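Everything below concerns the one structure shown next.
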Amino acid sequence: MTDVQATAVDIPTEDGVADAYLAHPADGRPRPAVLLYQDAYGLRPHLRAMADRLAGAGYTVLVPNVFYRHGRAPVVELPEFIDPGADPTIWKRIGPILAALTPDRIKRDSDAYLRWLADSPLTTDGPVALTGYCMGARLALWTAGAHPDRVAAAAGFHGGQLATDDVDSPHLEARNITAELYFGHADEDPSLPPEQIARFEEALTAAGVRHTCEVYPGAGHGYTQADTTAYHPEAAERHWAALLDLLGRTF
């Protein structure tokens, strides 16, 4: 692991300015770019720590506050350790913000994120990689589908609602994706039941997308979230191994 430097940055978008966290090796040399999509709890110390770990492996990592239309992070004030069971108001506050983040807005915002990364002196020329968590897994699919010429790899972990009956379900992006995908599903996740897992992989296979989909035994939705009750240490470390392996093959 190399030393890491991090800073807060602002990214102009069509709808305003997205605040973001940028982490990169401290030597300042250009590195392959990774766009990291947050979970629903938002940009917070846990995600910054994840970006730092990824940067320490040799990447320039951008974590945008995708809820920027509702304010700068933290958009929703949360405790240091998140336990929705102890505070049911958490999801009442997050729900409307999450619902407002439509696929069209994500695709529009992704233009700005990828353009910012392309212009940064801290990134190498060439394609980027994506990784997303919980809702961020959906965002990664929409971004990969909207930018097949820019995204070489995309990963998603404990993603929910990946293959629904909605007209804009994330799995329908398969026909547009050229990136290699890795998805680590949670074994105990009501937001992604077995029938959706099967539909998701069938769509990727039918579209000829290079992919690996694995179910992590005993892991629930949110297994990488070290600041929540959902955290599963073994599954979280397995995710790191899978993600770094994907990035290593891509770059």
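So you can find residues: chains in the structure tokens are A, B, ... in the order shown, residues in each start at 1, and ligands are numbered from 1 in order.
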
Please list as a list in words every residue within 7 Å of Val128 in chain A, counting only C-alpha atoms and excluding residues in the same chain fewer than 2 positions away.
Pro32, Ala33, Val34, Gly126, Leu130, Arg150, Val151 and Ala152 of chain A

Surrounding residues of range 1-16 of chain A excluding itself and chain neighbours under 2 positions, 6 Å, only C-alpha atoms, as a list of chain:residue names
A:Ala18, A:Asp19, A:Ala20, A:Tyr21, A:Leu22, A:Ala23, A:His24, A:Pro25, A:Ala26, A:Gly56, A:Ala57, A:Ala112

Contacts of Tyr37 in chain A at 12 Å or less, counting only C-alpha atoms, minus same-chain residues fewer than 3 places along, as a VMD selection string?
chain A and resid 20 to 21 34 40 to 43 47 to 48 50 to 51 61 to 67 106 109 to 110 113 129 to 143 154 to 157 159

Would you list, as JSON, numbers by chain, the residues of range 111-217 of chain A that end up in strand (DSSP E) under DSSP run on this structure's backbone?
{"A": [128, 129, 130, 131, 132, 133, 151, 152, 153, 154, 155, 156, 157, 180, 181, 182, 183, 184, 185, 186, 187, 188, 211, 212, 213, 214, 215, 216, 217]}

Could you pull the residues within 8 Å of Pro30 in chain A, counting only C-alpha atoms, minus those fewer than 3 positions along the same chain, as a PyMOL selection string?
chain A and resi 60+121-124

Extract, using only C-alpha atoms, all DNA, RNA and protein residues at most 12 Å from Arg249 in chain A, discarding same-chain residues fewer than 2 positions from it, and format them as a ChimeraX atom specification.
/A:129,152-154,179-182,242-247,251

I want to know what sits within 8 Å of Ala236 in chain A, based on only C-alpha atoms, with residues of the same chain fewer than 5 positions away left out; could you give that as a ChimeraX atom specification?
/A:223-224,231

If I take CA of Thr89 in chain A and CA of Arg44 in chain A, how far is one from the other in Å, to one decimal?
18.4 Å

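The two atoms in question, CA of Val17 in chain A and CA of Ala73 in chain A, are spaced 12.0 Å apart.
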
Give one line per residue of range 145-179 of chain A that approaches range 194-206 of chain A to at most 9 Å, naming the two atoms of the closest pair and their distance in Å to one decimal, counting only C-alpha atoms; sort by chain then ascending residue number and deliver it as a Markdown table.
| residue | atom | partner | partner_atom | distance |
| --- | --- | --- | --- | --- |
| A:Gln161 | CA | A:Gln196 | CA | 7.6 |
| A:Leu162 | CA | A:Phe200 | CA | 6.7 |
| A:Ala163 | CA | A:Gln196 | CA | 5.2 |
| A:Thr164 | CA | A:Gln196 | CA | 6.9 |
| A:Pro170 | CA | A:Phe200 | CA | 8.7 |
| A:His171 | CA | A:Phe200 | CA | 5.6 |
| A:Leu172 | CA | A:Ala203 | CA | 7.3 |
| A:Glu173 | CA | A:Ala203 | CA | 8.9 |
| A:Ala174 | CA | A:Leu204 | CA | 5.5 |
| A:Arg175 | CA | A:Leu204 | CA | 7.9 |
| A:Ile177 | CA | A:Leu204 | CA | 8.9 |

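Here CA of Thr212 in chain A and CA of Ala144 in chain A stand 15.6 Å from one another.
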